[in-house]
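Here is the file query_27.txt (compact mmCIF, C-alpha atoms).
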# COMPACT_ATOMS: atom_id res chain seq x y z
CA MET A 1 135.55 -88.52 4.95
CA SER A 2 137.60 -87.28 7.93
CA ASP A 3 136.97 -88.12 11.59
CA ASN A 4 133.23 -87.52 11.83
CA HIS A 5 132.37 -89.80 8.91
CA SER A 6 134.75 -92.53 10.07
CA ASP A 7 133.02 -92.18 13.43
CA CYS A 8 129.70 -92.82 11.61
CA ARG A 9 131.14 -95.95 10.00
CA ARG A 10 132.57 -97.28 13.28
CA GLY A 11 129.39 -96.59 15.25
CA GLY A 12 131.39 -94.40 17.67
CA PRO A 13 130.03 -92.14 20.43
CA LEU A 14 127.42 -90.55 18.13
CA GLY A 15 126.32 -93.83 16.61
CA PHE A 16 125.74 -94.45 12.92
CA TYR A 17 122.08 -93.49 12.76
CA GLN A 18 122.46 -90.46 15.02
CA CYS A 19 125.33 -89.24 12.87
CA ARG A 20 123.31 -89.69 9.68
CA ARG A 21 120.32 -87.88 11.21
CA ALA A 22 122.56 -84.97 12.23
CA ILE A 23 123.99 -84.73 8.70
CA ARG A 24 120.51 -84.79 7.15
CA ALA A 25 119.17 -82.21 9.63
CA ALA A 26 122.01 -79.89 8.63
CA GLY A 27 121.05 -80.24 4.96
CA VAL A 28 124.40 -81.79 4.09
CA ALA A 29 124.50 -84.01 1.00
CA LEU A 30 127.41 -86.48 0.67
CA TRP A 31 129.25 -87.43 -2.51
CA SER A 32 132.36 -89.18 -3.74
CA TRP A 33 134.05 -88.72 -7.13
CA ASN A 34 136.12 -91.30 -8.94
CA VAL A 35 138.81 -89.24 -10.66
CA ASP A 36 139.48 -92.01 -13.22
CA SER A 37 135.95 -92.91 -14.32
CA ASP A 38 134.45 -89.43 -13.62
CA GLN A 39 131.65 -91.21 -11.76
CA PHE A 40 129.83 -89.77 -8.75
CA ALA A 41 128.35 -91.71 -5.86
CA MET A 42 125.83 -89.68 -3.86
CA ASP A 43 123.55 -90.20 -0.89
CA GLU A 44 119.77 -89.75 -0.97
CA GLN A 45 120.00 -86.12 0.13
CA ALA A 46 122.24 -85.28 -2.84
CA PHE A 47 119.84 -86.86 -5.34
CA LEU A 48 116.99 -84.83 -3.82
CA LEU A 49 119.07 -81.66 -3.93
CA TRP A 50 119.88 -82.11 -7.63
CA SER A 51 116.40 -83.47 -8.38
CA VAL A 52 117.76 -86.41 -10.35
CA PRO A 53 116.64 -90.06 -10.09
CA GLN A 54 118.78 -92.27 -7.90
CA SER A 55 121.31 -94.30 -9.84
CA ASP A 56 124.58 -96.12 -9.26
CA GLU A 57 125.98 -94.61 -12.44
CA VAL A 58 126.06 -90.83 -12.24
CA LYS A 59 128.79 -88.98 -14.09
CA PHE A 60 129.76 -85.35 -13.97
CA GLU A 61 128.10 -84.72 -17.33
CA ASP A 62 124.81 -86.08 -15.96
CA LEU A 63 124.88 -83.46 -13.23
CA SER A 64 126.24 -80.71 -15.46
CA THR A 65 123.00 -80.67 -17.49
CA HIS A 66 121.40 -79.17 -14.36
CA ILE A 67 124.15 -76.60 -13.81
CA HIS A 68 123.31 -73.08 -14.97
CA PRO A 69 124.80 -72.58 -18.47
CA ALA A 70 126.71 -69.52 -17.29
CA ASP A 71 128.43 -71.59 -14.56
CA ARG A 72 128.90 -74.94 -16.33
CA ASP A 73 132.41 -74.49 -17.79
CA ARG A 74 133.65 -72.77 -14.65
CA VAL A 75 132.45 -75.63 -12.43
CA ARG A 76 134.02 -78.31 -14.64
CA ALA A 77 137.36 -76.44 -14.63
CA ALA A 78 137.14 -75.85 -10.88
CA PHE A 79 136.46 -79.54 -10.12
CA THR A 80 139.38 -80.61 -12.28
CA ALA A 81 141.62 -78.06 -10.55
CA THR A 82 140.76 -79.40 -7.09
CA ARG A 83 143.14 -82.31 -7.66
CA GLY A 84 146.01 -79.85 -7.40
CA ILE A 85 144.68 -77.96 -4.37
CA VAL A 86 146.28 -78.74 -1.02
CA GLY A 87 143.65 -78.57 1.71
CA SER A 88 139.95 -77.73 1.58
CA TYR A 89 138.12 -76.01 -1.28
CA GLU A 90 134.68 -74.52 -1.88
CA ILE A 91 132.91 -74.00 -5.22
CA ASP A 92 129.62 -72.08 -5.39
CA PHE A 93 127.41 -72.38 -8.48
CA ARG A 94 123.81 -72.34 -9.66
CA ILE A 95 121.69 -75.30 -10.69
CA MET A 96 118.33 -75.21 -12.47
CA ILE A 97 115.43 -77.33 -11.27
CA GLY A 98 112.63 -76.58 -13.73
CA ASP A 99 112.09 -72.81 -13.47
CA GLU A 100 113.73 -72.68 -10.05
CA ILE A 101 117.36 -71.64 -9.58
CA ARG A 102 119.25 -72.95 -6.56
CA TRP A 103 122.72 -72.06 -5.34
CA ILE A 104 124.89 -75.06 -4.43
CA SER A 105 128.18 -75.05 -2.56
CA ALA A 106 130.45 -78.04 -3.28
CA ARG A 107 133.10 -78.53 -0.60
CA GLY A 108 135.83 -81.09 -0.13
CA LEU A 109 139.56 -81.78 0.24
CA GLY A 110 141.86 -81.42 -2.73
CA ASN A 111 145.23 -82.96 -3.65
CA ASP A 112 145.57 -86.46 -5.12
CA SER A 113 147.60 -87.55 -2.09
CA GLY A 114 144.30 -87.62 -0.20
CA LEU A 115 142.64 -90.05 -2.62
CA TYR A 116 141.30 -93.35 -1.28
CA ASN A 117 140.78 -96.04 -3.92
CA ARG A 118 140.94 -93.26 -6.51
CA LEU A 119 138.01 -91.54 -4.79
CA THR A 120 137.81 -87.99 -3.51
CA TYR A 121 135.05 -87.03 -1.08
CA GLY A 122 132.98 -83.95 -0.35
CA VAL A 123 129.58 -82.46 0.45
CA PHE A 124 126.92 -80.40 -1.31
CA LEU A 125 125.11 -77.64 0.58
CA ASP A 126 122.08 -75.64 -0.55
CA VAL A 127 123.18 -72.02 0.01
CA THR A 128 120.34 -70.37 -1.94
CA GLY A 129 119.15 -68.33 1.05
CA ARG A 130 122.63 -67.00 1.74
CA LYS A 131 123.22 -66.06 -1.89
CA GLN A 132 119.86 -64.29 -2.15
CA ALA A 133 120.70 -62.31 0.98
CA GLU A 134 124.10 -61.38 -0.48
CA GLU A 135 122.48 -60.27 -3.74
CA GLY A 136 119.98 -58.22 -1.76
CA HIS A 137 122.78 -56.53 0.17
CA GLU A 138 124.69 -55.79 -3.05
CA LEU A 139 121.56 -54.34 -4.63
CA LEU A 140 120.92 -52.19 -1.56
CA ALA A 141 124.54 -51.02 -1.47
CA GLY A 142 124.37 -50.11 -5.16
CA GLU A 143 121.11 -48.23 -4.67
CA MET A 144 122.52 -46.37 -1.66
CA SER A 145 125.65 -45.44 -3.62
CA HIS A 146 123.49 -44.16 -6.49
CA ARG A 147 121.36 -42.08 -4.14
CA VAL A 148 124.33 -40.61 -2.30
CA LYS A 149 125.94 -39.57 -5.62
CA ASN A 150 122.67 -37.95 -6.73
CA LEU A 151 122.27 -36.10 -3.44
CA LEU A 152 125.87 -34.88 -3.52
CA ALA A 153 125.36 -33.61 -7.08
CA ILE A 154 122.14 -31.84 -6.02
CA ALA A 155 123.83 -30.36 -2.94
CA ALA A 156 126.71 -29.06 -5.09
CA GLY A 157 124.23 -27.45 -7.51
CA LEU A 158 122.22 -25.88 -4.69
CA THR A 159 125.41 -24.50 -3.14
CA GLN A 160 126.31 -22.76 -6.41
CA LEU A 161 122.75 -21.48 -6.80
CA SER A 162 122.70 -20.12 -3.24
CA SER A 163 126.09 -18.46 -3.66
CA ARG A 164 124.86 -16.55 -6.74
CA SER A 165 121.63 -15.35 -5.12
CA SER A 166 123.10 -14.38 -1.73
CA THR A 167 125.12 -11.34 -0.67
CA THR A 168 126.37 -12.57 2.74
CA ALA A 169 127.56 -15.88 4.14
CA LYS A 170 124.69 -15.88 6.64
CA GLU A 171 122.11 -15.34 3.92
CA MET A 172 123.67 -18.11 1.82
CA ALA A 173 123.63 -20.51 4.78
CA THR A 174 119.96 -19.76 5.44
CA GLU A 175 118.94 -20.28 1.81
CA LEU A 176 121.00 -23.46 1.42
CA THR A 177 119.64 -24.91 4.66
CA GLY A 178 116.06 -24.22 3.54
CA ARG A 179 116.59 -25.90 0.19
CA LEU A 180 118.25 -28.96 1.69
CA THR A 181 115.52 -29.22 4.33
CA ALA A 182 112.87 -29.19 1.59
CA LEU A 183 114.71 -32.02 -0.15
CA GLY A 184 114.80 -33.97 3.10
CA ARG A 185 111.05 -33.59 3.58
CA ALA A 186 110.40 -34.80 0.04
CA HIS A 187 112.59 -37.87 0.46
CA ASP A 188 110.88 -38.69 3.77
CA MET A 189 107.56 -38.75 1.93
CA VAL A 190 108.63 -41.15 -0.83
CA ARG A 191 107.67 -44.72 0.05
CA PRO A 192 108.35 -48.07 -1.68
CA LEU A 193 105.54 -49.31 -3.92
CA PRO A 194 104.22 -52.89 -3.65
CA GLY A 195 105.98 -55.54 -5.72
CA HIS A 196 109.26 -53.63 -6.02
CA GLN A 197 107.72 -51.25 -8.58
CA GLY A 198 109.69 -48.26 -7.38
CA GLN A 199 108.79 -45.51 -4.94
CA ALA A 200 106.12 -42.82 -4.82
CA ALA A 201 104.38 -40.28 -2.60
CA GLN A 202 100.88 -38.85 -2.88
CA LEU A 203 101.02 -35.44 -4.58
CA GLY A 204 98.68 -33.80 -2.06
CA ASP A 205 100.61 -35.19 0.91
CA LEU A 206 103.90 -34.06 -0.58
CA LEU A 207 102.68 -30.49 -1.17
CA ALA A 208 101.17 -30.30 2.32
CA VAL A 209 104.44 -31.38 3.94
CA LEU A 210 106.55 -29.01 1.83
CA LEU A 211 104.28 -26.05 2.65
CA SER A 212 103.76 -26.89 6.33
CA PRO A 213 106.73 -24.79 7.56
CA TYR A 214 105.13 -21.68 6.05
CA GLU A 215 101.80 -22.56 7.66
CA ASN A 216 103.47 -22.72 11.07
CA PHE A 217 103.74 -18.96 11.24
CA GLY A 218 100.75 -18.27 13.48
CA ALA A 219 99.15 -15.59 11.31
CA PHE A 220 99.28 -17.89 8.25
CA SER A 221 96.97 -20.52 9.70
CA GLY A 222 94.34 -21.39 7.10
CA ARG A 223 95.84 -19.09 4.49
CA ILE A 224 97.49 -21.91 2.51
CA ARG A 225 95.09 -24.31 0.79
CA VAL A 226 95.99 -27.36 -1.32
CA ALA A 227 93.57 -29.15 -3.69
CA VAL A 228 95.20 -31.44 -6.25
CA PRO A 229 94.33 -34.78 -7.90
CA ARG A 230 95.04 -37.96 -5.98
CA MET A 231 98.11 -39.36 -7.72
CA GLY A 232 101.58 -40.68 -7.02
CA VAL A 233 104.82 -38.77 -7.52
CA GLY A 234 108.03 -40.70 -8.18
CA GLU A 235 111.31 -40.09 -6.38
CA THR A 236 112.93 -38.02 -9.15
CA ALA A 237 109.86 -35.85 -9.65
CA ALA A 238 109.52 -35.41 -5.88
CA THR A 239 113.07 -34.03 -5.65
CA THR A 240 112.45 -31.50 -8.43
CA LEU A 241 109.01 -30.56 -7.10
CA ALA A 242 110.43 -30.02 -3.60
CA LEU A 243 112.92 -27.46 -4.90
CA VAL A 244 110.31 -25.65 -7.02
CA ILE A 245 107.77 -25.45 -4.17
CA HIS A 246 110.44 -24.28 -1.73
CA GLU A 247 111.54 -21.47 -4.08
CA LEU A 248 107.95 -20.35 -4.76
CA ALA A 249 107.00 -20.40 -1.07
CA THR A 250 110.15 -18.56 -0.03
CA ASN A 251 109.53 -15.86 -2.66
CA SER A 252 105.89 -15.60 -1.54
CA LEU A 253 107.03 -15.15 2.07
CA LYS A 254 109.51 -12.42 1.07
CA TYR A 255 107.66 -10.57 -1.69
CA GLY A 256 104.28 -12.18 -2.41
CA ALA A 257 100.97 -12.99 -0.78
CA LEU A 258 102.48 -14.53 2.35
CA SER A 259 104.33 -11.27 3.05
CA ALA A 260 100.99 -9.45 3.53
CA GLU A 261 98.58 -9.87 6.46
CA GLU A 262 95.57 -10.65 4.26
CA GLY A 263 97.37 -12.66 1.58
CA THR A 264 96.36 -16.23 0.71
CA LEU A 265 97.92 -19.03 -1.29
CA ASP A 266 95.94 -21.63 -3.24
CA VAL A 267 97.67 -24.60 -4.86
CA SER A 268 95.34 -26.52 -7.15
CA GLY A 269 95.73 -28.87 -10.07
CA GLY A 270 94.11 -31.08 -12.62
CA LEU A 271 94.82 -33.70 -15.26
CA ASP A 272 95.33 -32.53 -18.83
CA GLU A 273 95.53 -35.70 -20.92
CA GLU A 274 98.90 -37.21 -19.89
CA ASP A 275 100.08 -34.10 -18.02
CA VAL A 276 99.32 -32.75 -14.58
CA LYS A 277 98.92 -28.98 -14.35
CA ILE A 278 99.52 -27.34 -10.99
CA VAL A 279 98.26 -23.78 -10.46
CA TRP A 280 100.00 -21.60 -7.88
CA ALA A 281 97.66 -18.68 -7.10
CA GLU A 282 98.54 -15.86 -4.70
CA ARG A 283 95.96 -13.30 -3.67
CA GLY A 284 95.97 -10.30 -1.36
CA GLY A 285 99.66 -9.61 -1.60
CA PRO A 286 101.63 -6.64 -3.00
CA ALA A 287 100.69 -5.55 -6.48

Reformat the file's structure so that it appears as structure tokens.
Amino acid sequence: MSDNHSDCRRGGPLGFYQCRRAIRAAGVALWSWNVDSDQFAMDEQAFLLWSVPQSDEVKFEDLSTHIHPADRDRVRAAFTATRGIVGSYEIDFRIMIGDEIRWISARGLGNDSGLYNRLTYGVFLDVTGRKQAEEGHELLAGEMSHRVKNLLAIAAGLTQLSSRSSTTAKEMATELTGRLTALGRAHDMVRPLPGHQGQAAQLGDLLAVLLSPYENFGAFSGRIRVAVPRMGVGETAATTLALVIHELATNSLKYGALSAEEGTLDVSGGLDEEDVKIVWAERGGPA
């Protein structure tokens, strides 16, 4: 099996036992495959990896019962095709050990000209950790792509809305910036839930954050009060709620209670069976 393994057999500079210990420490499992009898010879590490009892008579079909059904035909075809491959090859597939699924990478040298006594040689590696990381990255990339598309669609809609309600470019820019900023605050509030159950923010916290810019005007201190049930708000609802609250607060600042010196704003709520009712009450403003 190339220079390193012949070095193990000869007891070269590494020595046989040191070489074997290095291979085992790296998690490398050794195998040979007789292309005529379809029989595998494997070392102890390979039997442990496949979780099959040690035997001198292991055929491909014995191992294939552990291969994930979705990968079984592909692996058989790939192994057969290796005889025509010049150079190294790598085949990744899943095996099932009870309820556990492991990812295995089978690697070796193809081409029948490299056969020795009708045997071809290779290694098995457990690459479960790498595959899980790759799947996690793909899931994250897909989620990010989905979010970006949603945000672009929302931004396009807000741009059209702002263009219809504005008379000057400056006014449109101000309105659009305010709406996008409200969205940003809402998304900052949404946190992942335990156990990958999605994301949520506390309703009271979300309202407080969305209304905080209007509270920052010195004269408004204490004039905005929030009292709502303790409950979570999902990401989609948070986006919608952010836009609604922003529009209501902006209108209040221009024309409602927050435009008057003595005006107050109370945001309260309660549970009504399966619904949550939020009451927006302005007092002390223009008639």

Exercise. Contacts of region 60-65 of chain A at 12 Å or less, counting only C-alpha atoms, minus same-chain residues fewer than 5 places along, as number ranges by chain?
Worked result: A: 31-42, 46-47, 49-55, 70-77, 79-80, 93-98

Seminar exercise, completed: Counting all atoms listed in the file, closest pick from A:Asn111, A:Thr264, A:Thr120, A:Thr240 relative to Gly87 (chain A) is A:Asn111

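Counting only C-alpha atoms, the residue from A:Gly136, A:Gly232, A:Gly256, A:Gly270 that sits nearest to Glu282 (chain A) is A:Gly256.
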
Problem set entry | Length of the CA of Ala201 (chain A) to CA of Ile278 (chain A) vector [Å] | 16.2 Å

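For the point (103.1, -25.7, -1.3) in file coordinates, the residues within 10 Å, using all atoms listed in the file, are A:Gly204, A:Leu206, A:Leu207, A:Ala208, A:Val209, A:Leu210, A:Leu211, A:Ser212, A:Pro213, A:Tyr214, A:Glu215, A:Ile224, A:Arg225, A:Val226, A:Leu241, A:Ala242, A:Val244, A:Ile245, A:His246, A:Glu247, A:Leu248, A:Ala249, A:Leu265, A:Asp266, A:Val267, A:Ser268, A:Trp280.
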
Let me see the file: selected residues, C-alpha atoms, as a tab-separated table (two decimals), keeping the file's coordinate frame.
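File written: result-v7.tsv
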chain	number	residue	atom	x	y	z
A	204	GLY	CA	98.68	-33.80	-2.06
A	206	LEU	CA	103.90	-34.06	-0.58
A	207	LEU	CA	102.68	-30.49	-1.17
A	208	ALA	CA	101.17	-30.30	2.32
A	209	VAL	CA	104.44	-31.38	3.94
A	210	LEU	CA	106.55	-29.01	1.83
A	211	LEU	CA	104.28	-26.05	2.65
A	212	SER	CA	103.76	-26.89	6.33
A	213	PRO	CA	106.73	-24.79	7.56
A	214	TYR	CA	105.13	-21.68	6.05
A	215	GLU	CA	101.80	-22.56	7.66
A	224	ILE	CA	97.49	-21.91	2.51
A	225	ARG	CA	95.09	-24.31	0.79
A	226	VAL	CA	95.99	-27.36	-1.32
A	241	LEU	CA	109.01	-30.56	-7.10
A	242	ALA	CA	110.43	-30.02	-3.60
A	244	VAL	CA	110.31	-25.65	-7.02
A	245	ILE	CA	107.77	-25.45	-4.17
A	246	HIS	CA	110.44	-24.28	-1.73
A	247	GLU	CA	111.54	-21.47	-4.08
A	248	LEU	CA	107.95	-20.35	-4.76
A	249	ALA	CA	107.00	-20.40	-1.07
A	265	LEU	CA	97.92	-19.03	-1.29
A	266	ASP	CA	95.94	-21.63	-3.24
A	267	VAL	CA	97.67	-24.60	-4.86
A	268	SER	CA	95.34	-26.52	-7.15
A	280	TRP	CA	100.00	-21.60	-7.88

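You will find CA of Val123 (chain A) at 6.4 Å from CA of Val28 (chain A).
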
Exercise. Which distance in Å separates CA of Glu175 (chain A) and CA of Ser259 (chain A), to one decimal?
Worked result: 17.2 Å

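Each of A:Ala155, A:Trp103, A:Asp43, A:Arg283 was compared to Arg223 (chain A) using only C-alpha atoms, and A:Arg283 turns out to be the nearest.
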